[in-house]
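Colleague: Okay, here's the structure, questions in a sec.
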Amino acid sequence: MSYAIPPAGLPSQADDLTGTAVFTEAYAFMPAGVMRDIVTSFIPHWDKSRAWIIARPLSGFAETFSQYIVEVSAGGGSDRPEDNPDAEAVLFVVEGQVELKNSAGTHVLEEGGYAYLPAGQGWTLHNRSDKKATFHWVRKRYEAVDGIAAPEAFVTSDAETAPIAMPDTNGAWATTRFVEPTDLRHDMHFNIVTFQPGGLIPFEETHVMEHGLYVIEGTAEYLLNRDWVSVGPGDFMWLRAFCPQACRATGDGPFRYLLYKDVNRHAKLPW
């Protein structure tokens with residue numbers, strides 16, 4: 001399995017603009033080519049680390065989550081990664097390996113490694129190797145529900161979790177679900193969606209869930225609101241609630257992306 005990472009660096013002065021980055025009232029599209037050194041951020045209490053912050057709550061847009069791509073140099077990491085006691089997290093490693101310590105013990109997460117970290121439980125993360133490591137970090141304010149216990153920490157991986165084919169697709173469209181959809185303790189999912197060549201979403205999905213979609217492998221044409229956009233490894237799509245979407249995979253290999261969505265809770269009422 002392969003996992004795209006930001007190209008970093010800085011384009012040559014002779015290079016043309018990507019011409020594809022766009023921010024609209026319904027979605028944002030960030031091609032891999034815009035994820036360069038100059039747009040990274042540094043995070044308090046993280047050593048030898050930097051982050052591409054590719055999503056954050058914005059009033060009137062997508063409001064439930066933030067998503068970082070964190071690069072940790074050899075010897076880097078944090079003993080105090082999260083200061084917000086209400087923030088739950090998912091980590092997904094796309095390059096190298098990291099050592100994670102949390103309430104479930106000490107774990108070495110390699111490429112494809114996944115960890116769920118409940119709100120209010122401390123954790124640490126370090127790169128003990130001699131090469132850089134890169135991982136996605138999704139953060140969300142956990143929405144507790146009276147009478148339903150909060151979820152526990154767990155660690156798994158892409159390799160350990162079998163994709164489940166969508167009904168009536170003959171395996172052309174499948175989802176790797178790290179959390180059982182009916183487990184109401186969880187208020188978000190971070191899945192991997194896979195389309196085989198020619199596979200598609202055959203209708204315009206229009207729903208209340210917000211999305212972050214990061215392409216880790218392959219190519220596709222993706223419908224975002226009214227626009228068909230060509231997408232490939234390292235591209236990121238950020239969709240607000242009810243933004244129509246559809247997809248048709250192109251190329252000779254699988255098209256795969258990481259998918260965030262908020263789930264299993266009432267719609268918030270403003271009064």
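The way I read the labels, and the way they are meant: chains A, B, ... in the order of the structure tokens, residue 1 as the first residue of every chain, and ligand 1 as the first ligand shown, with later ones counted on from there.
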Taking 3 positions as the minimum chain separation for residues in the same chain, which residues sit within 9 Å of Ala159 (chain A) when counting only C-alpha atoms? Answer as an MDAnalysis selection string.
Modeller: chainID A and resid 1 112:113 156 162
Colleague: Give me a file of those residues, with all heavy atoms, as an mmCIF file, in the first residue's frame.
Modeller:
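The resulting result_0.cif:
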```cif
data_model
loop_
_atom_site.group_PDB
_atom_site.id
_atom_site.type_symbol
_atom_site.label_atom_id
_atom_site.label_comp_id
_atom_site.auth_asym_id
_atom_site.auth_seq_id
_atom_site.Cartn_x
_atom_site.Cartn_y
_atom_site.Cartn_z
ATOM 1 N N MET A 1 0.844 -1.186 0.000
ATOM 2 C CA MET A 1 0.000 0.000 0.000
ATOM 3 C C MET A 1 0.883 1.241 0.000
ATOM 4 O O MET A 1 1.963 1.252 0.598
ATOM 5 C CB MET A 1 -0.921 0.009 1.218
ATOM 6 C CG MET A 1 -1.894 -1.156 1.248
ATOM 7 S SD MET A 1 -2.947 -1.112 2.724
ATOM 8 C CE MET A 1 -3.891 -2.606 2.502
ATOM 9 N N GLY A 112 0.371 3.303 7.737
ATOM 10 C CA GLY A 112 -0.926 2.654 7.806
ATOM 11 C C GLY A 112 -1.430 2.449 9.214
ATOM 12 O O GLY A 112 -2.556 1.988 9.411
ATOM 13 N N GLY A 113 -0.639 2.830 10.230
ATOM 14 C CA GLY A 113 -1.055 2.685 11.617
ATOM 15 C C GLY A 113 -2.105 3.710 11.993
ATOM 16 O O GLY A 113 -2.049 4.869 11.574
ATOM 17 N N THR A 156 -4.882 0.236 15.807
ATOM 18 C CA THR A 156 -4.997 -0.802 14.793
ATOM 19 C C THR A 156 -4.233 -0.317 13.560
ATOM 20 O O THR A 156 -3.359 0.541 13.674
ATOM 21 C CB THR A 156 -6.479 -1.121 14.499
ATOM 22 O OG1 THR A 156 -6.553 -2.204 13.564
ATOM 23 C CG2 THR A 156 -7.226 0.075 13.954
ATOM 24 N N ALA A 162 -10.021 -5.175 7.415
ATOM 25 C CA ALA A 162 -10.470 -5.569 6.073
ATOM 26 C C ALA A 162 -11.475 -4.569 5.522
ATOM 27 O O ALA A 162 -12.423 -4.193 6.226
ATOM 28 C CB ALA A 162 -11.092 -6.957 6.117
#
```
Colleague: Pick the closest to Phe195 (chain A) from A:Pro244, A:Gly218, A:Gly212, A:Pro254: which is it, counting only C-alpha atoms?
Modeller: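 Using only C-alpha atoms, Phe195 (chain A) sits closest to A:Pro254.
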Colleague: Could you jot down the CA of Thr250 (chain A) to CA of Glu221 (chain A) separation for me, Å, one decimal place?
Modeller: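 It comes out at 7.0 Å.
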Colleague: Using only C-alpha atoms for the distances, tell me which of A:Gln67, A:Ser12, A:Thr20, A:Ser73 is nearest to His126 (chain A).
Modeller: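 Nearest to His126 (chain A): A:Ser73.
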Colleague: At a cut-off of 8 Å, using only C-alpha atoms, what residues contact Leu109 (chain A)? Leave out same-chain residues fewer than 6 positions from it and give the result as an mmCIF file with N, CA, C and O atoms, in the first residue's frame.
Modeller:
```cif
data_model
loop_
_atom_site.group_PDB
_atom_site.id
_atom_site.type_symbol
_atom_site.label_atom_id
_atom_site.label_comp_id
_atom_site.auth_asym_id
_atom_site.auth_seq_id
_atom_site.Cartn_x
_atom_site.Cartn_y
_atom_site.Cartn_z
ATOM 1 N N VAL A 93 -0.723 7.206 10.342
ATOM 2 C CA VAL A 93 0.654 7.381 9.887
ATOM 3 C C VAL A 93 0.758 7.110 8.385
ATOM 4 O O VAL A 93 0.282 6.075 7.895
ATOM 5 N N GLN A 97 7.730 5.920 11.100
ATOM 6 C CA GLN A 97 7.110 5.310 12.281
ATOM 7 C C GLN A 97 7.218 6.255 13.467
ATOM 8 O O GLN A 97 8.135 7.068 13.553
ATOM 9 N N VAL A 98 6.258 6.124 14.386
ATOM 10 C CA VAL A 98 6.241 6.926 15.605
ATOM 11 C C VAL A 98 5.966 6.015 16.795
ATOM 12 O O VAL A 98 5.355 4.945 16.653
ATOM 13 N N GLU A 99 6.420 6.474 17.958
ATOM 14 C CA GLU A 99 6.106 5.791 19.203
ATOM 15 C C GLU A 99 5.011 6.559 19.920
ATOM 16 O O GLU A 99 5.180 7.732 20.245
ATOM 17 N N LEU A 100 3.890 5.909 20.157
ATOM 18 C CA LEU A 100 2.749 6.504 20.846
ATOM 19 C C LEU A 100 2.601 5.856 22.208
ATOM 20 O O LEU A 100 2.586 4.632 22.329
#
```
Colleague: Give me, please, the distance in Å between CA of Met188 (chain A) and CA of Lys261 (chain A), quoted to one decimal.
Modeller: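 If I compute the distance from CA of Met188 (chain A) to CA of Lys261 (chain A), I get 5.7 Å.
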Colleague: Would you kindly return, as a ChimeraX atom specification, each protein, DNA or RNA residue with an atom no farther than 10 Å from any atom of Ile192 (chain A), considering only C-alpha atoms and excluding same-chain residues fewer than 4 positions away?
Modeller: /A:158,163,174-178,213-216,256-260
Colleague: For Gly77 (chain A), which residue out of A:Ala133, A:Val108, A:Leu91, A:Val155 is the nearest one, using only C-alpha atoms?
Modeller: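 Using only C-alpha atoms, Gly77 (chain A) sits closest to A:Ala133.
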Colleague: Within 10 Å of region 262-265 of chain A, which residues of region 90-192 of chain A show up? Give each one with its shortest atom-to-atom distance in Å (one decimal) and the two atoms involved, counting only C-alpha atoms, rows by chain then rising residue number, as JSON lines.
Modeller:
```
{"residue": "A:Lys140", "atom": "CA", "partner": "A:Asp262", "partner_atom": "CA", "distance": 9.1}
{"residue": "A:Glu143", "atom": "CA", "partner": "A:Arg265", "partner_atom": "CA", "distance": 7.8}
{"residue": "A:Ala144", "atom": "CA", "partner": "A:Arg265", "partner_atom": "CA", "distance": 9.3}
{"residue": "A:Val145", "atom": "CA", "partner": "A:Arg265", "partner_atom": "CA", "distance": 8.5}
{"residue": "A:Pro181", "atom": "CA", "partner": "A:Asn264", "partner_atom": "CA", "distance": 8.5}
{"residue": "A:Thr182", "atom": "CA", "partner": "A:Asn264", "partner_atom": "CA", "distance": 8.3}
{"residue": "A:Asp183", "atom": "CA", "partner": "A:Asn264", "partner_atom": "CA", "distance": 8.5}
{"residue": "A:Leu184", "atom": "CA", "partner": "A:Asn264", "partner_atom": "CA", "distance": 5.9}
{"residue": "A:Arg185", "atom": "CA", "partner": "A:Asn264", "partner_atom": "CA", "distance": 8.3}
{"residue": "A:His186", "atom": "CA", "partner": "A:Asn264", "partner_atom": "CA", "distance": 7.1}
{"residue": "A:Asp187", "atom": "CA", "partner": "A:Val263", "partner_atom": "CA", "distance": 5.0}
{"residue": "A:Met188", "atom": "CA", "partner": "A:Asp262", "partner_atom": "CA", "distance": 4.3}
{"residue": "A:His189", "atom": "CA", "partner": "A:Asp262", "partner_atom": "CA", "distance": 6.5}
{"residue": "A:Phe190", "atom": "CA", "partner": "A:Asp262", "partner_atom": "CA", "distance": 9.0}
```
Colleague: List as a short mmCIF file (atom, residue, chain, number, x, y, z; two decimals) with all heavy atoms, in the first residue's frame the protein and nucleic acid residues near Asp227 (chain A), meaning an atom at most 12 Å away when only C-alpha atoms are counted, but skip any in the same chain fewer than 6 places from it.
Modeller:
```
data_model
loop_
_atom_site.label_atom_id
_atom_site.label_comp_id
_atom_site.auth_asym_id
_atom_site.auth_seq_id
_atom_site.Cartn_x
_atom_site.Cartn_y
_atom_site.Cartn_z
N THR A 20 -5.37 25.04 -9.87
CA THR A 20 -6.51 24.21 -9.48
C THR A 20 -7.00 24.47 -8.06
O THR A 20 -8.07 23.99 -7.70
CB THR A 20 -6.17 22.72 -9.62
OG1 THR A 20 -4.98 22.43 -8.87
CG2 THR A 20 -5.92 22.35 -11.08
N VAL A 22 -8.90 26.02 -5.03
CA VAL A 22 -10.12 26.82 -5.03
C VAL A 22 -10.79 26.73 -3.66
O VAL A 22 -10.72 25.71 -2.98
CB VAL A 22 -11.11 26.35 -6.13
CG1 VAL A 22 -11.58 24.92 -5.90
CG2 VAL A 22 -12.31 27.29 -6.24
N THR A 24 -14.62 27.74 -2.19
CA THR A 24 -15.95 28.20 -2.54
C THR A 24 -16.83 28.21 -1.30
O THR A 24 -16.41 27.83 -0.22
CB THR A 24 -16.58 27.28 -3.61
OG1 THR A 24 -16.99 26.05 -2.98
CG2 THR A 24 -15.60 26.97 -4.74
N ALA A 26 -19.13 26.16 -0.76
CA ALA A 26 -19.55 24.79 -0.46
C ALA A 26 -18.39 23.83 -0.23
O ALA A 26 -18.55 22.82 0.45
CB ALA A 26 -20.42 24.26 -1.61
N TYR A 27 -17.23 24.13 -0.81
CA TYR A 27 -16.10 23.22 -0.67
C TYR A 27 -14.79 23.98 -0.90
O TYR A 27 -14.77 25.08 -1.45
CB TYR A 27 -16.20 22.06 -1.66
CG TYR A 27 -15.90 22.43 -3.10
CD1 TYR A 27 -14.59 22.38 -3.61
CD2 TYR A 27 -16.91 22.86 -3.96
CE1 TYR A 27 -14.33 22.73 -4.93
CE2 TYR A 27 -16.64 23.21 -5.28
CZ TYR A 27 -15.34 23.15 -5.76
OH TYR A 27 -15.07 23.51 -7.05
N ALA A 28 -13.71 23.36 -0.45
CA ALA A 28 -12.37 23.83 -0.76
C ALA A 28 -11.60 22.67 -1.38
O ALA A 28 -11.79 21.51 -1.00
CB ALA A 28 -11.65 24.31 0.49
N PHE A 29 -10.75 22.99 -2.35
CA PHE A 29 -9.88 21.99 -2.97
C PHE A 29 -8.45 22.49 -2.88
O PHE A 29 -8.13 23.57 -3.37
CB PHE A 29 -10.27 21.74 -4.43
CG PHE A 29 -9.32 20.78 -5.12
CD1 PHE A 29 -9.22 19.47 -4.71
CD2 PHE A 29 -8.52 21.21 -6.17
CE1 PHE A 29 -8.34 18.59 -5.33
CE2 PHE A 29 -7.65 20.34 -6.81
CZ PHE A 29 -7.57 19.02 -6.39
N GLU A 204 -25.48 11.58 -6.52
CA GLU A 204 -24.94 12.78 -5.88
C GLU A 204 -25.22 12.72 -4.38
O GLU A 204 -26.33 13.05 -3.93
CB GLU A 204 -25.55 14.03 -6.51
CG GLU A 204 -25.19 14.19 -7.98
CD GLU A 204 -25.99 15.29 -8.65
OE1 GLU A 204 -27.02 15.71 -8.08
OE2 GLU A 204 -25.60 15.72 -9.74
N GLU A 221 -12.03 11.49 -10.99
CA GLU A 221 -12.80 12.71 -11.21
C GLU A 221 -13.80 12.79 -10.06
O GLU A 221 -14.55 11.82 -9.82
CB GLU A 221 -13.53 12.67 -12.55
CG GLU A 221 -12.61 12.62 -13.75
CD GLU A 221 -11.84 13.93 -13.93
OE1 GLU A 221 -12.44 15.00 -13.71
OE2 GLU A 221 -10.64 13.87 -14.26
N CYS A 243 -23.01 19.55 0.81
CA CYS A 243 -22.35 19.76 -0.49
C CYS A 243 -22.48 18.47 -1.32
O CYS A 243 -22.00 17.42 -0.90
CB CYS A 243 -20.87 20.08 -0.28
SG CYS A 243 -19.94 20.24 -1.83
N PRO A 244 -23.13 18.51 -2.49
CA PRO A 244 -23.24 17.31 -3.31
C PRO A 244 -21.86 16.79 -3.72
O PRO A 244 -20.94 17.57 -3.99
CB PRO A 244 -24.03 17.79 -4.54
CG PRO A 244 -24.76 19.01 -4.06
CD PRO A 244 -23.84 19.67 -3.08
N GLN A 245 -21.74 15.46 -3.76
CA GLN A 245 -20.48 14.85 -4.17
C GLN A 245 -20.75 13.55 -4.89
O GLN A 245 -21.74 12.85 -4.64
CB GLN A 245 -19.57 14.60 -2.97
CG GLN A 245 -20.17 13.63 -1.97
CD GLN A 245 -19.19 13.24 -0.89
OE1 GLN A 245 -18.09 12.77 -1.16
NE2 GLN A 245 -19.58 13.46 0.36
N ALA A 246 -19.86 13.22 -5.81
CA ALA A 246 -19.87 11.93 -6.49
C ALA A 246 -18.44 11.69 -6.97
O ALA A 246 -17.58 12.56 -6.84
CB ALA A 246 -20.85 11.91 -7.67
N CYS A 247 -18.19 10.50 -7.52
CA CYS A 247 -16.82 10.13 -7.84
C CYS A 247 -16.81 9.08 -8.93
O CYS A 247 -17.70 8.23 -8.99
CB CYS A 247 -16.14 9.58 -6.57
SG CYS A 247 -14.55 8.83 -6.84
#
```
Colleague: Mind checking which residues fall within 8 Å of Gly251 (chain A), counting only C-alpha atoms, ignoring those fewer than 6 positions away in the same chain, and posting them as a ChimeraX atom specification?
Modeller: /A:197,218-220
Colleague: Grab the residues selected above and save them as a short mmCIF file (atom, residue, chain, number, x, y, z; two decimals), in the first residue's frame with C-alpha atoms.
Modeller:
```
data_model
loop_
_atom_site.label_atom_id
_atom_site.label_comp_id
_atom_site.auth_asym_id
_atom_site.auth_seq_id
_atom_site.Cartn_x
_atom_site.Cartn_y
_atom_site.Cartn_z
CA PRO A 197 -10.50 1.25 -11.63
CA GLY A 218 -4.62 6.85 -7.38
CA THR A 219 -6.68 9.28 -9.42
CA ALA A 220 -10.33 10.15 -9.99
#
```
Colleague: For the atom pair CA of Tyr114 (chain A) and CA of Ser230 (chain A), what is the interatomic distance in Å to one decimal place?
Modeller: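 That distance, rounded to one decimal, is 27.7 Å.
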Colleague: Using only C-alpha atoms, which of the listed residues (A:Glu25, A:Val193, A:Asp37, A:His211) sits closest to Ala8 (chain A)?
Modeller: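 Using only C-alpha atoms, the shortest distance to Ala8 (chain A) belongs to A:Asp37.
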Colleague: For Glu152 (chain A), list every protein, DNA or RNA residue within 9 Å, evaluated using only C-alpha atoms, and leave out those in the same chain fewer than 3 positions away; present the list as a tab-separated table (two decimals) with C-alpha atoms, in the first residue's frame.
Modeller:
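And here's result36.tsv as it stands now:
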```
chain	number	residue	atom	x	y	z
A	103	SER	CA	-3.81	4.77	28.27
A	104	ALA	CA	-3.65	1.60	26.17
A	116	TYR	CA	-8.03	6.62	18.43
A	117	LEU	CA	-7.34	8.90	21.42
A	118	PRO	CA	-10.30	9.79	23.69
A	149	ALA	CA	-20.10	5.73	27.79
```
